[in-house]
Structures are given as structure tokens and as C-alpha cells.
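Structure file target-v5.cif (mmCIF, C-alpha atoms and all ligand atoms) follows.
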data_entry
loop_
_atom_site.label_atom_id
_atom_site.label_comp_id
_atom_site.auth_asym_id
_atom_site.auth_seq_id
_atom_site.Cartn_x
_atom_site.Cartn_y
_atom_site.Cartn_z
CA MET A 17 -79.15 -70.52 11.07
CA ARG A 18 -79.81 -67.74 13.61
CA ASN A 19 -83.32 -66.36 14.05
CA ILE A 20 -83.50 -62.58 14.27
CA LEU A 21 -86.59 -60.49 14.91
CA LEU A 22 -86.75 -56.96 13.52
CA ILE A 23 -89.12 -54.68 15.40
CA TYR A 24 -90.00 -51.63 13.36
CA THR A 25 -91.28 -48.68 15.39
CA GLY A 26 -90.69 -45.90 12.84
CA GLY A 27 -88.14 -43.10 12.57
CA THR A 28 -86.31 -41.50 9.65
CA ILE A 29 -84.98 -44.83 8.45
CA GLY A 30 -88.43 -45.74 7.13
CA MET A 31 -89.70 -42.27 6.25
CA ILE A 32 -90.52 -40.88 2.84
CA LYS A 33 -91.03 -37.32 1.66
CA ASP A 34 -94.60 -36.19 1.35
CA GLN A 35 -94.64 -34.80 -2.21
CA ARG A 36 -97.22 -32.17 -1.29
CA THR A 37 -95.74 -30.72 1.93
CA GLY A 38 -92.11 -31.80 1.61
CA GLU A 39 -92.28 -33.19 5.17
CA LEU A 40 -90.87 -36.58 6.14
CA ARG A 41 -93.46 -39.06 7.35
CA SER A 42 -93.29 -42.66 8.53
CA PHE A 43 -93.98 -45.44 6.09
CA ASP A 44 -94.64 -49.18 6.15
CA PHE A 45 -91.90 -51.61 6.98
CA GLU A 46 -92.16 -53.07 3.45
CA TYR A 47 -90.62 -49.84 2.22
CA ILE A 48 -87.40 -50.62 4.10
CA TYR A 49 -87.34 -54.19 2.86
CA ASP A 50 -87.73 -52.99 -0.73
CA HIS A 51 -84.71 -50.73 -0.31
CA VAL A 52 -82.47 -53.22 1.43
CA PRO A 53 -82.63 -56.32 -0.74
CA GLU A 54 -79.37 -57.38 0.97
CA LEU A 55 -81.51 -58.44 3.93
CA GLU A 56 -82.84 -61.32 1.87
CA ARG A 57 -79.31 -62.43 1.04
CA ILE A 58 -78.11 -62.51 4.66
CA ASN A 59 -77.71 -66.05 5.85
CA LEU A 60 -80.21 -65.63 8.67
CA ASN A 61 -83.78 -66.36 9.36
CA LEU A 62 -85.10 -62.80 9.56
CA LYS A 63 -88.67 -62.01 10.59
CA SER A 64 -90.22 -58.65 11.27
CA ILE A 65 -92.96 -57.10 13.34
CA SER A 66 -94.05 -53.53 12.86
CA PHE A 67 -95.92 -51.04 15.02
CA GLU A 68 -99.38 -50.79 13.54
CA LYS A 69 -98.73 -47.11 13.04
CA PRO A 70 -94.97 -46.40 12.78
CA ILE A 71 -94.07 -43.20 14.62
CA ASP A 72 -91.58 -40.40 14.62
CA SER A 73 -89.70 -41.17 17.84
CA SER A 74 -90.69 -37.77 19.28
CA GLU A 75 -94.10 -39.40 19.81
CA ILE A 76 -92.70 -42.22 21.94
CA ASN A 77 -94.45 -42.87 25.25
CA PHE A 78 -94.72 -45.53 27.97
CA GLU A 79 -97.25 -47.52 25.90
CA HIS A 80 -94.75 -47.84 23.06
CA TRP A 81 -92.00 -48.97 25.46
CA LYS A 82 -94.40 -51.56 26.84
CA GLU A 83 -95.23 -52.75 23.35
CA ILE A 84 -91.55 -53.19 22.42
CA ALA A 85 -90.78 -55.02 25.69
CA GLU A 86 -93.79 -57.29 25.30
CA ILE A 87 -92.88 -58.18 21.71
CA ILE A 88 -89.42 -59.17 22.96
CA GLU A 89 -90.84 -61.12 25.91
CA THR A 90 -93.34 -63.04 23.76
CA ASN A 91 -90.71 -63.91 21.19
CA TYR A 92 -87.76 -64.31 23.53
CA GLU A 93 -87.36 -68.06 23.34
CA TYR A 94 -87.89 -68.24 19.56
CA TYR A 95 -85.25 -65.73 18.48
CA ASP A 96 -81.51 -65.43 18.99
CA GLY A 97 -81.49 -61.65 18.79
CA PHE A 98 -83.66 -58.57 18.35
CA VAL A 99 -83.15 -55.41 16.31
CA VAL A 100 -85.36 -52.44 17.13
CA LEU A 101 -85.66 -49.86 14.35
CA HIS A 102 -86.34 -46.55 16.06
CA GLY A 103 -86.02 -42.84 15.38
CA SER A 104 -82.77 -41.44 16.68
CA ASP A 105 -84.32 -38.45 18.50
CA THR A 106 -85.42 -40.40 21.57
CA MET A 107 -83.47 -43.60 20.97
CA ALA A 108 -81.28 -43.07 24.04
CA PHE A 109 -84.38 -42.77 26.25
CA THR A 110 -85.91 -45.94 24.80
CA ALA A 111 -82.63 -47.82 25.06
CA SER A 112 -82.25 -46.77 28.72
CA ALA A 113 -85.87 -47.64 29.47
CA LEU A 114 -85.59 -51.07 27.82
CA SER A 115 -82.41 -51.82 29.76
CA PHE A 116 -84.37 -51.42 33.01
CA MET A 117 -87.46 -53.20 31.68
CA LEU A 118 -85.64 -56.26 30.36
CA GLN A 119 -83.52 -57.42 33.28
CA GLY A 120 -81.89 -60.81 33.08
CA LEU A 121 -81.43 -60.40 29.33
CA GLN A 122 -79.15 -63.00 27.79
CA LYS A 123 -79.74 -62.12 24.16
CA PRO A 124 -78.93 -58.99 22.16
CA VAL A 125 -81.44 -56.17 21.80
CA ILE A 126 -79.91 -53.73 19.31
CA LEU A 127 -81.53 -50.38 18.56
CA THR A 128 -80.69 -48.60 15.36
CA GLY A 129 -82.06 -46.04 12.94
CA SER A 130 -80.63 -43.46 10.59
CA GLN A 131 -80.20 -39.78 9.86
CA LEU A 132 -81.28 -40.12 6.21
CA PRO A 133 -84.25 -42.17 5.00
CA ILE A 134 -83.40 -45.54 3.56
CA GLY A 135 -84.68 -44.56 0.11
CA THR A 136 -82.12 -41.75 -0.31
CA ILE A 137 -78.87 -42.44 -2.14
CA ARG A 138 -76.51 -41.39 0.68
CA THR A 139 -78.52 -43.07 3.41
CA ASP A 140 -76.73 -44.26 6.53
CA GLY A 141 -79.70 -46.55 7.20
CA LYS A 142 -78.51 -49.50 5.15
CA GLU A 143 -75.20 -49.96 6.92
CA ASN A 144 -76.76 -49.33 10.32
CA LEU A 145 -79.48 -51.88 9.72
CA ILE A 146 -77.33 -54.60 8.18
CA THR A 147 -74.60 -54.37 10.83
CA ALA A 148 -77.16 -54.21 13.66
CA VAL A 149 -78.64 -57.45 12.33
CA GLU A 150 -75.17 -59.03 12.19
CA ILE A 151 -74.48 -57.96 15.77
CA ALA A 152 -77.81 -59.39 16.91
CA ALA A 153 -76.81 -62.69 15.29
CA ALA A 154 -73.26 -62.79 16.74
CA TYR A 155 -72.76 -65.83 18.97
CA ASP A 156 -69.53 -67.27 20.33
CA GLU A 157 -68.12 -70.78 20.11
CA LYS A 158 -69.93 -71.73 23.34
CA ASN A 159 -73.17 -70.86 21.56
CA GLU A 160 -73.75 -67.82 23.79
CA ALA A 161 -74.80 -64.44 22.49
CA ILE A 162 -71.84 -62.04 22.44
CA VAL A 163 -74.03 -59.07 23.35
CA GLN A 164 -76.45 -59.81 26.18
CA GLU A 165 -77.80 -56.34 26.81
CA VAL A 166 -79.68 -53.42 25.23
CA ALA A 167 -77.32 -51.56 22.91
CA VAL A 168 -77.43 -48.83 20.28
CA TYR A 169 -75.66 -49.30 16.96
CA PHE A 170 -75.01 -46.18 14.93
CA GLU A 171 -72.34 -45.26 12.37
CA TYR A 172 -69.84 -48.08 13.01
CA SER A 173 -70.10 -47.98 16.82
CA LEU A 174 -72.01 -50.10 19.28
CA TYR A 175 -72.83 -48.36 22.56
CA ARG A 176 -74.38 -49.53 25.79
CA GLY A 177 -77.97 -48.34 25.50
CA ASN A 178 -78.15 -46.67 28.90
CA ARG A 179 -74.82 -44.87 28.45
CA CYS A 180 -75.28 -43.04 25.18
CA SER A 181 -76.96 -39.82 24.10
CA LYS A 182 -77.86 -38.29 20.79
CA ILE A 183 -75.29 -35.56 20.22
CA SER A 184 -75.85 -34.47 16.64
CA ALA A 185 -78.95 -33.56 14.67
CA ASN A 186 -77.21 -33.81 11.32
CA GLN A 187 -73.98 -35.83 11.49
CA PHE A 188 -74.11 -39.53 10.69
CA GLU A 189 -72.20 -40.01 13.92
CA ALA A 190 -75.27 -39.05 15.91
CA PHE A 191 -74.50 -40.79 19.21
CA GLN A 192 -71.79 -40.72 21.80
CA SER A 193 -71.13 -42.47 25.05
CA PRO A 194 -68.53 -40.31 26.77
CA ASN A 195 -68.62 -42.12 30.11
CA TYR A 196 -68.40 -45.66 28.80
CA PRO A 197 -66.38 -46.83 25.80
CA GLU A 198 -67.87 -48.52 22.73
CA LEU A 199 -68.89 -52.15 23.10
CA ALA A 200 -67.82 -52.81 19.52
CA ILE A 201 -66.45 -51.04 16.46
CA ALA A 202 -67.51 -52.18 13.02
CA GLY A 203 -64.79 -52.03 10.39
CA VAL A 204 -63.82 -54.78 8.01
CA SER A 205 -64.88 -57.03 10.85
CA ILE A 206 -66.93 -56.29 13.95
CA ASP A 207 -64.52 -55.98 16.88
CA PHE A 208 -66.24 -56.56 20.19
CA SER A 209 -64.62 -55.38 23.42
CA ILE A 210 -65.56 -58.47 25.35
CA GLU A 211 -64.50 -57.12 28.74
CA ARG A 212 -66.89 -54.15 28.40
CA LEU A 213 -69.99 -56.21 27.77
CA PHE A 214 -72.62 -56.47 30.49
CA ARG A 215 -73.53 -59.84 31.97
CA THR A 216 -76.58 -60.35 34.12
CA THR A 217 -76.56 -62.35 37.34
CA LEU A 218 -80.27 -63.17 37.00
CA PRO A 219 -81.13 -66.66 35.74
CA THR A 220 -84.05 -65.65 33.51
CA LEU A 221 -85.58 -62.67 31.75
CA GLN A 222 -87.71 -60.52 34.05
CA VAL A 223 -89.86 -58.02 32.22
CA HIS A 224 -91.31 -54.99 33.98
CA THR A 225 -93.47 -52.74 31.87
CA ALA A 226 -94.79 -50.10 34.29
CA PHE A 227 -93.39 -46.58 34.53
CA SER A 228 -94.29 -43.64 36.72
CA ASN A 229 -95.08 -40.29 35.13
CA GLN A 230 -94.60 -38.49 38.43
CA ILE A 231 -91.03 -37.52 37.66
CA GLY A 232 -89.94 -33.93 37.11
CA MET A 233 -86.81 -32.51 35.63
CA VAL A 234 -85.15 -29.15 36.29
CA LYS A 235 -82.21 -27.94 34.26
CA LEU A 236 -80.44 -25.12 36.07
CA PHE A 237 -79.42 -22.00 34.18
CA PRO A 238 -78.18 -18.59 35.25
CA GLY A 239 -81.18 -16.43 36.13
CA ILE A 240 -83.58 -19.37 36.50
CA PRO A 241 -86.91 -18.05 37.90
CA ILE A 242 -87.14 -20.89 40.41
CA GLU A 243 -90.52 -19.73 41.79
CA PHE A 244 -92.10 -20.94 38.54
CA TYR A 245 -91.05 -24.48 39.46
CA LYS A 246 -92.70 -24.46 42.89
CA SER A 247 -95.46 -26.92 42.05
CA LEU A 248 -92.92 -29.38 40.71
CA PHE A 249 -91.42 -29.63 44.19
CA GLU A 250 -94.72 -30.78 45.69
CA LEU A 251 -95.22 -34.45 46.46
CA GLN A 252 -98.76 -34.60 45.10
CA ASN A 253 -97.31 -33.68 41.68
CA THR A 254 -94.00 -35.51 41.55
CA LYS A 255 -92.33 -38.25 43.54
CA ALA A 256 -88.85 -37.57 42.21
CA ILE A 257 -86.95 -34.85 40.36
CA VAL A 258 -83.87 -35.06 38.17
CA LEU A 259 -81.84 -31.93 38.81
CA GLU A 260 -79.42 -31.12 35.99
CA THR A 261 -76.69 -29.12 37.66
CA TYR A 262 -73.45 -27.49 36.58
CA GLY A 263 -70.11 -29.28 36.36
CA ALA A 264 -69.47 -31.75 39.18
CA GLY A 265 -72.97 -31.20 40.57
CA ASN A 266 -72.99 -27.54 41.51
CA ALA A 267 -75.87 -25.09 41.91
CA PRO A 268 -76.29 -21.48 43.03
CA SER A 269 -76.79 -21.02 46.78
CA ASP A 270 -80.26 -19.68 46.06
CA SER A 271 -82.27 -19.79 49.28
CA ILE A 272 -85.58 -20.45 47.51
CA LEU A 273 -84.16 -23.42 45.59
CA GLN A 274 -82.68 -24.75 48.84
CA GLU A 275 -86.00 -24.29 50.62
CA TYR A 276 -87.95 -26.13 47.90
CA ILE A 277 -85.50 -29.02 47.88
CA THR A 278 -85.37 -29.29 51.67
CA LYS A 279 -89.16 -29.35 52.06
CA TYR A 280 -89.51 -31.78 49.18
CA ILE A 281 -86.99 -34.28 50.52
CA ASN A 282 -88.33 -34.00 54.06
CA SER A 283 -91.81 -34.85 52.80
CA GLY A 284 -90.54 -37.99 50.97
CA GLY A 285 -89.51 -36.61 47.56
CA ILE A 286 -86.34 -37.75 45.85
CA VAL A 287 -83.88 -35.45 44.11
CA LEU A 288 -81.29 -36.99 41.80
CA ASN A 289 -78.36 -34.78 40.84
CA VAL A 290 -76.89 -35.25 37.35
CA THR A 291 -74.47 -33.03 35.51
CA GLN A 292 -75.25 -30.95 32.42
CA CYS A 293 -71.80 -31.88 31.11
CA SER A 294 -71.79 -34.70 28.62
CA SER A 295 -68.85 -36.41 30.30
CA GLY A 296 -67.63 -36.77 33.87
CA ALA A 297 -69.56 -37.25 37.06
CA VAL A 298 -71.33 -35.48 39.90
CA LYS A 299 -69.25 -35.35 43.06
CA GLN A 300 -71.28 -33.59 45.71
CA GLY A 301 -69.22 -31.75 48.28
CA THR A 302 -66.26 -31.02 46.02
CA TYR A 303 -67.28 -27.38 45.89
CA GLN A 304 -69.13 -25.30 48.45
CA THR A 305 -71.86 -24.90 45.80
CA SER A 306 -72.76 -28.58 46.11
CA ALA A 307 -72.17 -29.11 49.83
CA PHE A 308 -75.81 -28.26 50.55
CA PHE A 309 -76.99 -31.16 48.37
CA GLN A 310 -74.86 -33.60 50.27
CA LYS A 311 -76.13 -32.32 53.62
CA ILE A 312 -79.81 -32.39 52.75
CA GLY A 313 -79.94 -35.85 51.14
CA VAL A 314 -79.89 -35.11 47.41
CA ILE A 315 -78.70 -38.29 45.69
CA SER A 316 -75.62 -38.02 43.52
CA GLY A 317 -76.31 -39.43 40.05
CA GLY A 318 -72.59 -40.07 39.49
CA ASN A 319 -71.97 -40.33 35.77
CA LEU A 320 -75.52 -41.25 34.74
CA THR A 321 -76.73 -39.72 31.51
CA THR A 322 -79.86 -37.61 31.85
CA GLU A 323 -81.75 -40.22 29.80
CA ALA A 324 -80.69 -43.02 32.13
CA ALA A 325 -81.39 -40.94 35.26
CA LEU A 326 -84.88 -40.08 34.12
CA THR A 327 -85.87 -43.58 33.00
CA LYS A 328 -84.30 -45.17 36.08
CA LEU A 329 -86.55 -43.01 38.26
CA GLN A 330 -89.61 -43.61 36.07
CA TYR A 331 -88.90 -47.32 36.46
CA LEU A 332 -88.10 -47.37 40.19
CA ILE A 333 -90.99 -45.14 41.26
CA SER A 334 -93.43 -47.52 39.54
CA PHE A 335 -92.68 -50.11 42.27
CA ASN A 336 -93.98 -49.80 45.80
CA TYR A 337 -90.55 -49.05 47.24
CA SER A 338 -90.11 -46.58 50.07
CA PRO A 339 -88.13 -43.40 49.30
CA LYS A 340 -85.28 -44.85 51.37
CA GLU A 341 -85.18 -48.04 49.29
CA ILE A 342 -85.25 -46.02 46.07
CA CYS A 343 -82.38 -43.85 47.28
CA ILE A 344 -80.34 -47.01 47.91
CA LEU A 345 -81.15 -48.40 44.45
CA LEU A 346 -80.17 -45.07 42.89
CA THR A 347 -76.67 -45.43 44.23
CA LYS A 348 -76.33 -48.88 42.66
CA SER A 349 -75.76 -49.81 39.05
CA LEU A 350 -78.69 -52.04 38.09
CA VAL A 351 -77.79 -52.79 34.48
CA GLY A 352 -74.43 -51.13 33.93
CA GLU A 353 -75.90 -47.63 33.69
CA MET A 354 -73.30 -45.96 35.92
CA ASP A 355 -69.86 -46.38 37.44
CA ILE A 356 -69.89 -46.87 41.18
N1 LIG B 401 -87.41 -37.39 13.95
C1 LIG B 401 -86.82 -38.67 13.66
C2 LIG B 401 -87.20 -39.63 14.78
O1 LIG B 401 -86.60 -39.61 15.81
C3 LIG B 401 -85.35 -38.56 13.55
C4 LIG B 401 -84.66 -39.88 13.30
O2 LIG B 401 -85.25 -40.89 13.06
O3 LIG B 401 -83.43 -39.90 13.32
O4 LIG B 401 -88.11 -40.38 14.61
#
Just dump the structure as C-alpha cells.
Ligand code: ASP
Amino acid sequence: MRNILLIYTGGTIGMIKDQRTGELRSFDFEYIYDHVPELERINLNLKSISFEKPIDSSEINFEHWKEIAEIIETNYEYYDGFVVLHGSDTMAFTASALSFMLQGLQKPVILTGSQLPIGTIRTDGKENLITAVEIAAAYDEKNEAIVQEVAVYFEYSLYRGNRCSKISANQFEAFQSPNYPELAIAGVSIDFSIERLFRTTLPTLQVHTAFSNQIGMVKLFPGIPIEFYKSLFELQNTKAIVLETYGAGNAPSDSILQEYITKYINSGGIVLNVTQCSSGAVKQGTYQTSAFFQKIGVISGGNLTTEAALTKLQYLISFNYSPKEICILLTKSLVGEMDI
């Protein structure tokens, strides 16, 4: 019998309506168990650990990521798979962060949640939870876990964690992974696309729990008052900036923006260019409006999602790497987060 650990962090799946205010608030893990009696009938050895105070995922921070990673590390050898119950709002950030934190993973870490609380009649939480547990327990005939990476399961699809984004605030199909196809589709059976699954080359799990908060993010928009962002482009405030540009990585030829970026990079700052489009990739130099980036040393984020770009920088900057080393690592796929 497979051993599966459920890690409950909070999110809509376990929320109930406050009768007084009508607001949804997080509730104990027992509440979920009471509403999914099927979990007791699954032929698995299922144990659970809950955050002391379950949270709405908008509250998630580095401490919570550390807590999840440490729970997995401590229990790694005793369980065959892990299911993390998490609010959908920031699930793609947590999934990306965990993929960098848990390198060398050879067991499944499946994040799931729901759009409707588990106590409501039309909840999507039951199916998401039960199938996520089944995926976490899926092993092949060689006794190896089928999924050996951090993944998100939502509404019949399994996505690579660092490739997906939340795309809907109200549809059950809340996630998409436009730049990397589903790892599995759940229908009558769960069909895994074996060739799409990530495999580590590391022999053992290596957990890294530090993150840097010296990362900025600038999303370009027509009429952006770039002067307001001046302090962001100063090395004492940030060590790296994710620049969300238009299309294939384009930006206006604004001389102030160019001056900020030039000074920042010359003083050791890192600028990572990702696209605002939900699919496709940055290709600096395709248009004149991105040639400047290429010339000055802005790093192309390729087809990284914004969530993966941000967490990759938060992760990399926490090491004592030189800016040059970080720039090299940014052009590599560490855990399947981008196409090279
Ligand atoms: N606000 C909720 C959260 O992210 C939404 C959800 O769970 O889907 O925690």
C-alpha cells in the first residue's frame, strides 16, 4: 500500500462561509476530511499535516514555502508521494518556487485546490483532491514514481508546476500551461504523457529554502511614468528585476528607461525579460524595439512564465553567485521551467 502525505496549507477548498459577514475563511483540515469520506475508502495509507493556521494563498510568503519544503524533506523517505492543498490564487508561484527548492526530486509533489469550497454541492474540490492523491500514488511496474516533479492538478489536467498560471478567477478550469503541454489528462483513466515528464539527473533530494526579497518587477504599459520606478533600478534596493515586456520582448525606445536599465546592469543588476503574452517566447533582437536589450545585456527569459521568472530569481539571488554566474543560470533550464 502506498503512503501519501497530504499537506494542508489552506485555500478555498477548506473554507467555509462566515455566517455573520458572508466572507469565506479558512477552516481546519478535519472539515475537508468530513466532506470527502471517499478518502477513507481509497486503498492508500493517507496521512495529513496541516499549517497551524491555514491561510488564504494571497498571504503566502517565503516562510510558508520553507515550511512546505521542510515538511516534504522531513517526510521524504517515509512517503511515496505528497499532495499540497493550496489556494489557487498563488498556486503557480508556490509550485514554481517548490520546483526550484526541491531539486533532485524523485517522488511526486502535487498541488491542488478548488474554486468552490469542499462543503458546497457543486464543489470541484472533491475530484481535484481525489485525483491528485491518485496521481501522487501512481507508480510504474519498475516501482518508480510516474511523476517525479512538482505539478499542479486542476480540473482533469496535470501541469508542470513551473509552467502553469492561474488564468480564471471563476471557471473550474482555472489553470493553463500554454508553453508546455499537460503531463496527464484525467478521464476514465489517468493518461500520463510519459515523454513530457521531468527526470532529474541528481542522485538525491537537495532542499534549498532561502529566497531573496531583493527582486523587483516592472510591467510595461503605454504611458508608464517610468520616473516613479527609479529607486527600483538601484542596486541597494534590488539585485534583479523581471521586466514584463510586450510581445516577443519589445519595449518603447524611452531614453529614461534605457538609461535606468543601462546604469543598473553596469552596476551589477540583472534584468530578465519576459513577455506579457501568456504563450510564446521573448526573442530579443527580432524587432528594433528589443535590439537595445540585446545590446545592453538584458537576459531573455525565453518562454518562462512570470511566476517562474520571479521565483527563479528569488531562488538564484539567495546564493552567493556573481551576476555573471546568475546570468548563465538564467539561460539554462534548471527544472524544466523553460525551453532552450
Ligand atoms: N483566495 C483563495 C486562495 O487562493 C482562492 C482559492 O483557493 O482558489 O486561497
Note to self: Considering all atoms listed in the file, can you say which of A:Glu54, A:Glu341, A:Glu250, A:Glu39 comes closest to ligand LIG 401 (chain B)?
What the structure shows: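 Nearest candidate to ligand LIG 401 (chain B) out of A:Glu54, A:Glu341, A:Glu250, A:Glu39: A:Glu39.
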Checklist line | Surroundings of ligand LIG 401 (chain B) up to 9 Å, based on all atoms listed in the file, as an NGL selection string | finding: :A and (25-31 or 40 or 42 or 71-76 or 102-107 or 129-133 or 185-186 or 190)
Keeping only C-alpha atoms, write the selected residues to a file as a JSON list (two decimals), keeping the file's coordinate frame.
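Dumped everything to result_10.json:
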[["chain", "number", "residue", "atom", "x", "y", "z"],
["A", 25, "THR", "CA", -91.28, -48.68, 15.39],
["A", 26, "GLY", "CA", -90.69, -45.90, 12.84],
["A", 27, "GLY", "CA", -88.14, -43.10, 12.57],
["A", 28, "THR", "CA", -86.31, -41.50, 9.65],
["A", 29, "ILE", "CA", -84.98, -44.83, 8.45],
["A", 30, "GLY", "CA", -88.43, -45.74, 7.13],
["A", 31, "MET", "CA", -89.70, -42.27, 6.25],
["A", 40, "LEU", "CA", -90.87, -36.58, 6.14],
["A", 42, "SER", "CA", -93.29, -42.66, 8.53],
["A", 71, "ILE", "CA", -94.07, -43.20, 14.62],
["A", 72, "ASP", "CA", -91.58, -40.40, 14.62],
["A", 73, "SER", "CA", -89.70, -41.17, 17.84],
["A", 74, "SER", "CA", -90.69, -37.77, 19.28],
["A", 75, "GLU", "CA", -94.10, -39.40, 19.81],
["A", 76, "ILE", "CA", -92.70, -42.22, 21.94],
["A", 102, "HIS", "CA", -86.34, -46.55, 16.06],
["A", 103, "GLY", "CA", -86.02, -42.84, 15.38],
["A", 104, "SER", "CA", -82.77, -41.44, 16.68],
["A", 105, "ASP", "CA", -84.32, -38.45, 18.50],
["A", 106, "THR", "CA", -85.42, -40.40, 21.57],
["A", 107, "MET", "CA", -83.47, -43.60, 20.97],
["A", 129, "GLY", "CA", -82.06, -46.04, 12.94],
["A", 130, "SER", "CA", -80.63, -43.46, 10.59],
["A", 131, "GLN", "CA", -80.20, -39.78, 9.86],
["A", 132, "LEU", "CA", -81.28, -40.12, 6.21],
["A", 133, "PRO", "CA", -84.25, -42.17, 5.00],
["A", 185, "ALA", "CA", -78.95, -33.56, 14.67],
["A", 186, "ASN", "CA", -77.21, -33.81, 11.32],
["A", 190, "ALA", "CA", -75.27, -39.05, 15.91]]
Note to self: For a quick check of understanding, using all atoms listed in the file, which of A:Phe214, A:Tyr24, A:Tyr262, A:Phe335 has the smallest distance to A:Ser294?
What the structure shows: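 Among the listed residues, the smallest separation from A:Ser294 belongs to A:Tyr262.
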Notebook entry, point to check: atom CA of A:Val258 and atom CA of A:Leu199, how far apart in Å?
Noted result: 27.3 Å
Item checked: Selection: 8 Å around A:Leu62, all atoms listed in the file, excl. self and same-chain fewer than 4 positions, as a count of residues only -> 5
Item checked: For A:Asn229, the nearest of the candidates A:Ser295, A:Leu329, A:Asp34, A:Asp96, counting only C-alpha atoms ->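 So, comparing all the options, the nearest one is A:Leu329.
Using only C-alpha atoms for every distance, the candidate list A:Ser306, A:Asn77, A:Thr147, A:Gln230 yields A:Gln230 as the residue closest to A:Leu248.
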Work out where the centre of an axis-aligned box around every listed atom of stretch 143-147 of chain A lies and how long its edges are once 3 Å is added on each side; give both in Å to one decimal as lines of an AutoDock Vina configuration file.
center_x = -77.0
center_y = -52.0
center_z = 8.9
size_x = 10.9
size_y = 11.3
size_z = 9.9
Check: Which residue gives the smallest distance to A:Pro241 among A:Ile210, A:Ile126, A:Ile342, A:Leu273, with all atoms listed in the file counted?
Finding: A:Leu273
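Here atom CA of A:Pro124 stands at a distance of 6.1 Å from atom CA of A:Phe98.
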Checklist line | Using all atoms listed in the file: which of A:Arg212, A:Asn178, A:Ile333, A:Ile23 has the shortest distance to A:Glu83 | finding: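 Among A:Arg212, A:Asn178, A:Ile333, A:Ile23, it is A:Ile23 that comes nearest to A:Glu83.
With atom CA of A:Ile206 on one side and atom CA of A:Tyr172 on the other, the separation reads 8.8 Å.
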Which residues come within 6 Å of stretch 314-328 of chain A, counting all atoms listed in the file, excluding same-chain residues fewer than 6 positions away, as a CSV table (one decimal) with C-alpha atoms, in the coordinates of the input?
chain,number,residue,atom,x,y,z
A,109,PHE,CA,-84.4,-42.8,26.2
A,112,SER,CA,-82.2,-46.8,28.7
A,113,ALA,CA,-85.9,-47.6,29.5
A,178,ASN,CA,-78.2,-46.7,28.9
A,287,VAL,CA,-83.9,-35.4,44.1
A,288,LEU,CA,-81.3,-37.0,41.8
A,289,ASN,CA,-78.4,-34.8,40.8
A,290,VAL,CA,-76.9,-35.2,37.4
A,296,GLY,CA,-67.6,-36.8,33.9
A,297,ALA,CA,-69.6,-37.2,37.1
A,298,VAL,CA,-71.3,-35.5,39.9
A,354,MET,CA,-73.3,-46.0,35.9
